[in-house]
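Quick notes on the structure that follows.
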Amino acid sequence: MRKFLPVLAVLVFLLSACAGKIPHQVVPDYDKRGVRLVAVLPIVYKGSVKEIPGFFRARLLDALYFKGYPKIPTAVIDEKLRAAFPDGEAPLKDRASARDLGNMLGVDAVLYTVIEDCSTSFFYLYATTHMAVRLELVSARTGDTLWSTRYEATDRIMDITPDRLKMKSCQVYEPVMDHIVEKVAATIPDGPDL
């Protein structure tokens, strides 16, 4: 049995190293596409915690900045979008093409984000928070998908009373969001300023 411990240790190390990157797609000639300005569009989210899209969008904007893309303030983007979408709904690909949005916003690409799930389930003194996100970076010049991914994360907490558990569960969204953005950002191609 002791002979197999080094082999087992190497196997565990290799598996953990392979688990670092998440599945994603990038066009092969991304660096030739001239993507500099990226508009992080309002996030599509149908959940009940209304602060989640704003927090997640701010984290995505910071992640893009640290990947070498200039920051375009969300207030500037939202102001221009309000004129075109007075109902306040986030622009989906079927509502407005990336080309139209690119012309309107003066950017090279737009980042569509959909929070598919963001929920917490409780079981006695145990809570599980789950979040699933789909992202797609689309060229404003050609309408091609340049990069896309889908990722989900779960966090679990326990406490000694149900009331304390419910209070604690509100704080779990932040680490789950940070984990997702960290993993997603690792797959975004480097920008021109990096």
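Chain identifiers are assigned as A, B, and so on, following the order in which chains appear in the structure tokens; residues are numbered from 1 within each chain, and ligands are numbered from 1 in order of appearance.
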query = Leaving out A:Thr129 and any residue of its chain fewer than 6 positions from it, which residues lie within 9 Å of it when counting only C-alpha atoms, given as a VMD selection string?
reply = chain A and resid 118 to 122 153 to 157 169 172 to 173 176
message = I'd like the neighbourhood of A:Lys21 as an NGL selection string, where a residue qualifies if any of its atoms comes within 8 Å (using only C-alpha atoms), though same-chain residues fewer than 4 positions away should be ignored.
response = :A and (183 or 186-187)
Using the selection just defined, write its residues with N, CA and C atoms as an mmCIF file, in the first residue's frame.
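File produced: again.cif:
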data_model
loop_
_atom_site.group_PDB
_atom_site.id
_atom_site.type_symbol
_atom_site.label_atom_id
_atom_site.label_comp_id
_atom_site.auth_asym_id
_atom_site.auth_seq_id
_atom_site.Cartn_x
_atom_site.Cartn_y
_atom_site.Cartn_z
ATOM 1 N N LYS A 183 -12.628 32.695 -11.874
ATOM 2 C CA LYS A 183 -12.486 31.584 -12.820
ATOM 3 C C LYS A 183 -12.751 32.036 -14.256
ATOM 4 N N ALA A 186 -9.959 34.258 -15.815
ATOM 5 C CA ALA A 186 -8.759 33.520 -16.218
ATOM 6 C C ALA A 186 -8.852 33.038 -17.662
ATOM 7 N N THR A 187 -10.059 32.944 -18.215
ATOM 8 C CA THR A 187 -10.224 32.452 -19.585
ATOM 9 C C THR A 187 -10.420 33.573 -20.603
#
Using only C-alpha atoms, tabulate the residues of stretch 116-188 of chain A lying at most 12 Å from any atom of stretch 39-46 of chain A, each with its closest atom pair and that distance in Å to one decimal, by chain and increasing residue number, as a Markdown table.
| residue | atom | partner | partner_atom | distance |
| --- | --- | --- | --- | --- |
| A:Glu116 | CA | A:Tyr45 | CA | 7.0 |
| A:Asp117 | CA | A:Tyr45 | CA | 8.2 |
| A:Cys118 | CA | A:Tyr45 | CA | 8.8 |
| A:Ser119 | CA | A:Lys46 | CA | 11.0 |
| A:Met131 | CA | A:Tyr45 | CA | 11.3 |
| A:Ala132 | CA | A:Tyr45 | CA | 10.8 |
| A:Val133 | CA | A:Tyr45 | CA | 9.7 |
| A:Arg134 | CA | A:Val44 | CA | 9.9 |
| A:Leu135 | CA | A:Ile43 | CA | 9.7 |
| A:Glu136 | CA | A:Val40 | CA | 10.3 |
| A:Leu137 | CA | A:Val40 | CA | 9.1 |
| A:Val138 | CA | A:Ala39 | CA | 10.0 |
| A:Ser139 | CA | A:Ala39 | CA | 10.6 |
| A:Ala140 | CA | A:Ala39 | CA | 9.9 |
request  = Tell me, in Å to one decimal, how far atom CA of A:Leu101 is from atom CA of A:Asp87.
outcome  = 16.3 Å
inquiry  = Report, in Å with one decimal, the straight-line distance from atom CA of A:Val49 to atom CA of A:Glu174.
reply    = 12.2 Å
task = Within stretch 65-171 of chain A, find each residue whose DSSP state, derived from the backbone, is strand (DSSP E), and express the selection as number ranges by chain.
result = A: 109-123, 126-139, 145-158
Residue selection dump (N, CA and C atoms) as a CSV table (one decimal), in the first residue's frame:
chain,number,residue,atom,x,y,z
A,109,ALA,N,-16.7,45.6,-28.9
A,109,ALA,CA,-17.4,44.3,-28.6
A,109,ALA,C,-18.3,44.6,-27.4
A,110,VAL,N,-19.3,43.7,-27.3
A,110,VAL,CA,-20.2,43.8,-26.1
A,110,VAL,C,-20.2,42.5,-25.4
A,111,LEU,N,-20.4,42.6,-24.1
A,111,LEU,CA,-20.4,41.4,-23.2
A,111,LEU,C,-21.8,41.2,-22.7
A,112,TYR,N,-22.4,40.1,-23.2
A,112,TYR,CA,-23.7,39.7,-22.7
A,112,TYR,C,-23.5,38.8,-21.5
A,113,THR,N,-24.3,39.0,-20.5
A,113,THR,CA,-24.2,38.2,-19.3
A,113,THR,C,-25.6,37.8,-18.8
A,114,VAL,N,-25.8,36.5,-18.6
A,114,VAL,CA,-27.1,36.0,-18.1
A,114,VAL,C,-26.8,35.2,-16.8
A,115,ILE,N,-27.4,35.7,-15.7
A,115,ILE,CA,-27.3,34.9,-14.5
A,115,ILE,C,-28.5,33.9,-14.5
A,116,GLU,N,-28.2,32.6,-14.8
A,116,GLU,CA,-29.2,31.6,-15.0
A,116,GLU,C,-29.8,31.2,-13.7
A,117,ASP,N,-29.0,31.2,-12.6
A,117,ASP,CA,-29.5,30.7,-11.3
A,117,ASP,C,-28.7,31.4,-10.2
A,118,CYS,N,-29.4,31.9,-9.2
A,118,CYS,CA,-28.8,32.4,-8.1
A,118,CYS,C,-29.7,32.2,-6.9
A,119,SER,N,-29.5,31.1,-6.2
A,119,SER,CA,-30.5,30.8,-5.2
A,119,SER,C,-29.8,30.1,-4.0
A,120,THR,N,-30.5,30.2,-2.9
A,120,THR,CA,-30.1,29.5,-1.6
A,120,THR,C,-31.2,28.6,-1.2
A,121,SER,N,-30.8,27.4,-0.8
A,121,SER,CA,-31.8,26.4,-0.3
A,121,SER,C,-31.3,26.1,1.1
A,122,PHE,N,-32.3,25.9,2.0
A,122,PHE,CA,-32.1,25.7,3.4
A,122,PHE,C,-32.5,24.3,3.8
A,123,PHE,N,-31.8,23.6,4.7
A,123,PHE,CA,-32.2,22.3,5.2
A,123,PHE,C,-31.7,22.3,6.7
A,126,TYR,N,-28.4,24.1,7.7
A,126,TYR,CA,-27.4,23.9,6.6
A,126,TYR,C,-28.0,24.7,5.4
A,127,ALA,N,-27.2,25.5,4.7
A,127,ALA,CA,-27.7,26.2,3.6
A,127,ALA,C,-26.7,26.1,2.4
A,128,THR,N,-27.2,26.0,1.2
A,128,THR,CA,-26.4,25.9,0.0
A,128,THR,C,-26.8,27.0,-0.9
A,129,THR,N,-25.8,27.8,-1.3
A,129,THR,CA,-26.0,28.9,-2.3
A,129,THR,C,-25.4,28.4,-3.6
A,130,HIS,N,-26.2,28.5,-4.7
A,130,HIS,CA,-25.8,28.1,-6.0
A,130,HIS,C,-25.9,29.3,-7.0
A,131,MET,N,-24.9,29.4,-7.9
A,131,MET,CA,-25.0,30.5,-8.9
A,131,MET,C,-24.5,29.9,-10.2
A,132,ALA,N,-25.2,30.2,-11.3
A,132,ALA,CA,-24.8,29.8,-12.6
A,132,ALA,C,-24.9,31.0,-13.5
A,133,VAL,N,-23.8,31.2,-14.3
A,133,VAL,CA,-23.7,32.3,-15.2
A,133,VAL,C,-23.2,31.9,-16.6
A,134,ARG,N,-23.8,32.6,-17.6
A,134,ARG,CA,-23.4,32.4,-19.0
A,134,ARG,C,-22.9,33.7,-19.5
A,135,LEU,N,-21.8,33.8,-20.1
A,135,LEU,CA,-21.2,35.0,-20.7
A,135,LEU,C,-20.8,34.8,-22.1
A,136,GLU,N,-21.0,35.9,-22.9
A,136,GLU,CA,-20.7,35.8,-24.3
A,136,GLU,C,-20.1,37.2,-24.8
A,137,LEU,N,-18.9,37.2,-25.3
A,137,LEU,CA,-18.3,38.4,-25.8
A,137,LEU,C,-18.5,38.4,-27.3
A,138,VAL,N,-19.2,39.4,-27.9
A,138,VAL,CA,-19.6,39.4,-29.3
A,138,VAL,C,-19.0,40.7,-30.0
A,139,SER,N,-18.4,40.5,-31.1
A,139,SER,CA,-17.8,41.5,-31.9
A,139,SER,C,-18.9,42.5,-32.4
A,145,THR,N,-19.3,35.6,-32.3
A,145,THR,CA,-18.9,35.4,-30.9
A,145,THR,C,-17.4,35.2,-30.8
A,146,LEU,N,-16.8,36.0,-30.0
A,146,LEU,CA,-15.3,36.0,-29.8
A,146,LEU,C,-14.9,35.1,-28.7
A,147,TRP,N,-15.7,35.1,-27.6
A,147,TRP,CA,-15.4,34.3,-26.4
A,147,TRP,C,-16.7,34.0,-25.7
A,148,SER,N,-16.8,32.8,-25.2
A,148,SER,CA,-18.0,32.5,-24.4
A,148,SER,C,-17.7,31.4,-23.4
A,149,THR,N,-18.4,31.4,-22.3
A,149,THR,CA,-18.3,30.4,-21.3
A,149,THR,C,-19.6,30.3,-20.4
A,150,ARG,N,-19.7,29.3,-19.7
A,150,ARG,CA,-20.7,29.1,-18.7
A,150,ARG,C,-20.1,28.5,-17.5
A,151,TYR,N,-20.4,29.0,-16.4
A,151,TYR,CA,-19.8,28.5,-15.1
A,151,TYR,C,-20.7,28.6,-14.0
A,152,GLU,N,-20.6,27.6,-13.1
A,152,GLU,CA,-21.5,27.6,-11.9
A,152,GLU,C,-20.6,27.3,-10.7
A,153,ALA,N,-21.1,27.8,-9.5
A,153,ALA,CA,-20.4,27.6,-8.3
A,153,ALA,C,-21.4,27.4,-7.2
A,154,THR,N,-21.0,26.7,-6.1
A,154,THR,CA,-21.8,26.4,-5.0
A,154,THR,C,-21.0,26.7,-3.7
A,155,ASP,N,-21.7,27.2,-2.7
A,155,ASP,CA,-21.0,27.4,-1.4
A,155,ASP,C,-22.0,26.9,-0.4
A,156,ARG,N,-21.5,26.3,0.7
A,156,ARG,CA,-22.3,25.8,1.7
A,156,ARG,C,-21.9,26.4,3.1
A,157,ILE,N,-22.9,26.6,3.9
A,157,ILE,CA,-22.6,27.1,5.2
A,157,ILE,C,-23.5,26.4,6.3
A,158,MET,N,-23.1,26.5,7.5
A,158,MET,CA,-23.9,25.9,8.6
A,158,MET,C,-23.9,26.9,9.7
Test item: residues at most 10 Å from A:Leu194, only C-alpha atoms, excluding those fewer than 6 positions along its chain, as a PyMOL selection string = chain A and resi 65-69
Take the residues from that selection and write them out as a tab-separated table (two decimals), in the first residue's frame, keeping C-alpha atoms.
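part30.tsv was written with the following content:
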chain	number	residue	atom	x	y	z
A	65	TYR	CA	-9.74	46.14	-16.62
A	66	PHE	CA	-7.17	43.84	-15.02
A	67	LYS	CA	-7.07	41.81	-18.24
A	68	GLY	CA	-5.97	44.94	-20.15
A	69	TYR	CA	-9.23	46.52	-21.37
request  = Rank nothing, just name the residue among A:Val76, A:Val107, A:Ala83, A:Met177 nearest to A:Leu37, using only C-alpha atoms.
outcome  =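 Closest residue, counting only C-alpha atoms: A:Val107.
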task = Excluding A:Lys32 and residues on its chain fewer than 6 positions from it, collect all residues at most 12 Å away from it, counting only C-alpha atoms, and give them as a list of chain:residue names.
result =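 Those residues are A:Leu146, A:Pro189, A:Gly191, A:Pro192.
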request  = Quick one: pull the distance between atom CA of A:Ala58 and atom CA of A:Lys166, Å, one decimal.
outcome  =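 We find that atom CA of A:Ala58 and atom CA of A:Lys166 lie 25.1 Å from each other.
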inquiry  = Nearest residue to A:Arg164 out of A:Leu125, A:Ala96, A:Val26, A:Val38, using only C-alpha atoms?
reply    =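 When distances to A:Arg164 are compared using only C-alpha atoms, the smallest one comes from A:Leu125.
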